[in-house]
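**Student:** Have a look at the structure that comes next, please.
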Amino acid sequence: MHAIQMVDLKRQYLKIKDEIDQGILEVLDTTAYINGPKVKAFQEGLQQYLSTAHVIPCANGTDALQIAMMALDLQPGDEVIVPAFTYVATAEVIALLRLKPVMVDVDYNTFNLTAEIVAKAITPRTKAIVPVNLFGQSCDLEPIMALAQKYGLWVIEDNAQAIGADYTFSDGSTAKTGTIGHIGCTSFYPSKNLGAYGDGGAISTNRADLAEKMQKVANHGQVRRYFHDVVGVNSRLDAIQAVVLGVKLKRLDEYATARQAAANFYDKAFAGLDWIQTPVRHPKSTHVFHQYTLLVKNGQRDALQTHLQQKGVPTMIYYPVPLYEQDAFRPFTDLQHLPVTEQLCREVLSLPIHTELDPEQLNYIVESVKGFGH
């Protein structure tokens, strides 16, 4: 049996090696390292895949969030609603821009924001909401967008973990996650479902005015070289990463299917265990399983993690500490307690899930979990 990994990028690469290698050699041969035809081709491919009007490639997912907020002309002290149960980058850029991150709880079963939670946090200073499509499925975005329209708020989707997921509206229409909010932001960190071989990110929007602003901000605040209209940043996707992403984009749905098959196997195997809860699938969203995250009951999470480690099964805790308990955010919030977030931080445990898991590995992982305490 192959050694089990949280994400097996080596085996995935070997299946697409020839196409990847050829594309990288073409970049080296043309020396078009920055922007150029490979970046343009990926940009257009992603626009088509997402069925969105505009995609702005950038250097990483954190930059994507920052560029989005800079383009919205938010002012220091403006409030931005963000889940407390998420990766640090989501709130980090809010604080970096001297905005106020208003951290709120999440739904226990889906780990995501709901309109009901958001509504309670809106004040006259609220300017934006950042719903995070955590672990691979969409927030229930239709009521969040309705709430945003009612109060005149921007919605920036953090779609770093759910690219490729589909959301179904009440009228039966569907849209890709990352295209439902005013702006969508994603990361191409190597372990993501659509991952580069280094850093990378992208921003999507259906609004031409926002696309123009974000493109300008990402390129030193300029449209015409050496003429700078606003203070911007330097954030670009390099051509070699665009090659990798272009090859993988063609297989993104295939990769999602492989992850879903592994998740279905886990679901069925763990169905009879009352001491763990398998991931709850929201009825309005497909789930592309960036992570397969269990809830381990009765205070047994850490003991189960140790047991699995001894069996050679890697696991991860996403996330062990609420954002408002991080030292970095103490100057920005006086929050003391969000009960669901704190319970999740005690109970979540993510098992290996990726495109290369084989039946032998899956059976071994399942039997290792079932063998806990026996």
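Just remember, in the structure tokens the first chain shown is A, the second B, etc., residues are 1-based per chain, and ligands are 1-based in the order shown.
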Pull the closest atom pair for each residue of range 219-303 of chain A that gets at most 12 Å from range 196-207 of chain A, along with the distance in Å to one decimal, counting only C-alpha atoms, ordering rows by chain and then ascending residue number, as CSV.

**Tutor:**
```
residue,atom,partner,partner_atom,distance
A:Ser235,CA,A:Gly201,CA,9.2
A:Arg236,CA,A:Gly200,CA,7.9
A:Leu237,CA,A:Gly200,CA,5.7
A:Asp238,CA,A:Gly200,CA,8.0
A:Ala239,CA,A:Gly200,CA,10.4
A:Ile240,CA,A:Tyr197,CA,8.6
A:Gln241,CA,A:Ala196,CA,5.6
A:Ala242,CA,A:Ala196,CA,7.7
A:Val243,CA,A:Ala196,CA,8.8
A:Val244,CA,A:Ala196,CA,5.9
A:Leu245,CA,A:Ala196,CA,5.7
A:Gly246,CA,A:Ala196,CA,9.4
A:Val247,CA,A:Ala196,CA,10.0
A:Lys248,CA,A:Ala196,CA,8.6
A:Leu249,CA,A:Ala196,CA,10.4
```

**Student:** I'd like the neighbourhood of Ser350 in chain A as a ChimeraX atom specification, where a residue qualifies if any of its atoms comes within 8 Å (using only C-alpha atoms), though same-chain residues fewer than 5 positions away should be ignored.

**Tutor:** /A:291-294,315-318

**Student:** Could you tell me how far CA of Met69 in chain A lies from CA of Pro131 in chain A, in Å and to one decimal?

**Tutor:**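 Separation of CA of Met69 in chain A and CA of Pro131 in chain A: 13.7 Å.
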
**Student:** Report as a PyMOL selection string all protein, DNA and RNA residues lying within 9 Å of Pro314 in chain A, evaluated on only C-alpha atoms, omitting residues in the same chain fewer than 2 positions from it.

**Tutor:** chain A and resi 4-6+305+308-309+311-312+316+350-352

**Student:** Check which residues of range 262-361 of chain A sit at most 9 Å from range 252-255 of chain A using only C-alpha atoms, and return one row each with the closest pair of atoms and their distance in Å to one decimal, ordered by chain and rising number, as JSON lines.

**Tutor:**
```
{"residue": "A:Val288", "atom": "CA", "partner": "A:Tyr255", "partner_atom": "CA", "distance": 8.7}
{"residue": "A:His354", "atom": "CA", "partner": "A:Tyr255", "partner_atom": "CA", "distance": 8.0}
{"residue": "A:Thr355", "atom": "CA", "partner": "A:Tyr255", "partner_atom": "CA", "distance": 5.6}
```

**Student:** Counting only C-alpha atoms, which residues of range 228-341 of chain A sit at most 12 Å from some atom of range 112-121 of chain A, and what is each one's closest atom pair with its distance in Å to one decimal, listed by chain and rising residue number, as JSON lines?

**Tutor:**
```
{"residue": "A:Val280", "atom": "CA", "partner": "A:Asn112", "partner_atom": "CA", "distance": 11.1}
{"residue": "A:Arg281", "atom": "CA", "partner": "A:Asn112", "partner_atom": "CA", "distance": 11.4}
{"residue": "A:His282", "atom": "CA", "partner": "A:Asn112", "partner_atom": "CA", "distance": 10.0}
{"residue": "A:Leu338", "atom": "CA", "partner": "A:Ile117", "partner_atom": "CA", "distance": 11.6}
{"residue": "A:Val340", "atom": "CA", "partner": "A:Asn112", "partner_atom": "CA", "distance": 10.9}
{"residue": "A:Thr341", "atom": "CA", "partner": "A:Asn112", "partner_atom": "CA", "distance": 10.3}
```

**Student:** Give me a file of those residues, with all heavy atoms, as a CSV table (one decimal), in the first residue's frame.

**Tutor:**
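File written: again.csv
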```csv
chain,number,residue,atom,x,y,z
A,280,VAL,N,-22.2,17.1,6.7
A,280,VAL,CA,-23.6,17.3,6.3
A,280,VAL,C,-23.6,18.1,5.0
A,280,VAL,O,-22.9,19.1,4.8
A,280,VAL,CB,-24.4,18.2,7.4
A,280,VAL,CG1,-25.7,18.5,6.8
A,280,VAL,CG2,-24.5,17.4,8.7
A,281,ARG,N,-24.3,17.5,4.0
A,281,ARG,CA,-24.3,18.2,2.7
A,281,ARG,C,-25.5,19.1,2.6
A,281,ARG,O,-26.7,18.7,2.9
A,281,ARG,CB,-24.5,17.1,1.6
A,281,ARG,CG,-23.8,15.7,1.8
A,281,ARG,CD,-22.4,15.7,1.3
A,281,ARG,NE,-21.8,14.4,1.4
A,281,ARG,CZ,-21.6,13.5,0.4
A,281,ARG,NH1,-21.9,13.9,-0.8
A,281,ARG,NH2,-21.0,12.4,0.7
A,282,HIS,N,-25.3,20.4,2.3
A,282,HIS,CA,-26.4,21.3,2.2
A,282,HIS,C,-27.2,21.0,0.9
A,282,HIS,O,-26.6,20.8,-0.1
A,282,HIS,CB,-25.8,22.8,2.1
A,282,HIS,CG,-26.8,23.8,2.4
A,282,HIS,ND1,-27.8,24.1,1.4
A,282,HIS,CD2,-27.1,24.6,3.4
A,282,HIS,CE1,-28.6,25.1,1.9
A,282,HIS,NE2,-28.2,25.4,3.1
A,338,LEU,N,-18.0,32.5,21.2
A,338,LEU,CA,-19.0,32.1,20.2
A,338,LEU,C,-19.1,30.6,20.3
A,338,LEU,O,-18.2,29.8,20.0
A,338,LEU,CB,-18.5,32.5,18.8
A,338,LEU,CG,-18.5,33.9,18.4
A,338,LEU,CD1,-17.9,34.2,17.0
A,338,LEU,CD2,-19.9,34.5,18.5
A,340,VAL,N,-20.7,27.9,19.0
A,340,VAL,CA,-20.6,26.9,18.0
A,340,VAL,C,-19.2,26.8,17.5
A,340,VAL,O,-18.6,25.7,17.3
A,340,VAL,CB,-21.6,27.2,16.8
A,340,VAL,CG1,-21.3,26.2,15.6
A,340,VAL,CG2,-23.0,27.1,17.3
A,341,THR,N,-18.6,28.0,17.2
A,341,THR,CA,-17.2,28.0,16.8
A,341,THR,C,-16.3,27.3,17.8
A,341,THR,O,-15.4,26.5,17.4
A,341,THR,CB,-16.7,29.5,16.6
A,341,THR,OG1,-17.4,30.0,15.5
A,341,THR,CG2,-15.2,29.6,16.3
```

**Student:** So which residues touch range 361-363 of chain A within 10 Å, counting only C-alpha atoms, skipping near sequence neighbours fewer than 3 positions away, as a PyMOL selection string?

**Tutor:** chain A and resi 1-5+262-263+265-266+269+313+352-353+356-358+366-369

**Student:** Go ahead and compute the interatomic distance for CA of Ala160 in chain A and CA of Thr90 in chain A, in Å to one decimal.

**Tutor:**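 Separating CA of Ala160 in chain A from CA of Thr90 in chain A is a distance of 9.9 Å.
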
**Student:** Just how far from CA of Lys127 in chain A is CA of Asp78 in chain A, in Å to one decimal?

**Tutor:** 6.2 Å

**Student:** Which polymer residues have any atom within 8 Å of an atom of Trp154 in chain A, counting only C-alpha atoms, with same-chain residues fewer than 2 positions away left out, as a list of chain:residue names?

**Tutor:**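 Surrounding residues, per the criterion: A:Lys127, A:Ala128, A:Ile129, A:Ala148, A:Gly152, A:Ile156, A:Gly181, A:His182.
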
**Student:** Which residues are close to range 45-52 of chain A, i.e. within 9 Å by only C-alpha atoms, leaving aside same-chain residues fewer than 3 positions away? Reply as an MDAnalysis selection string.

**Tutor:** chainID A and resid 40:42 55 163:164 175:179 204:206 246 249:250

**Student:** Range 37-231 of chain A: which residues are alpha helix (DSSP H) by DSSP, as an MDAnalysis selection string?

**Tutor:** chainID A and resid 37:50 61:71 88:96 115:121 141:151 208:218
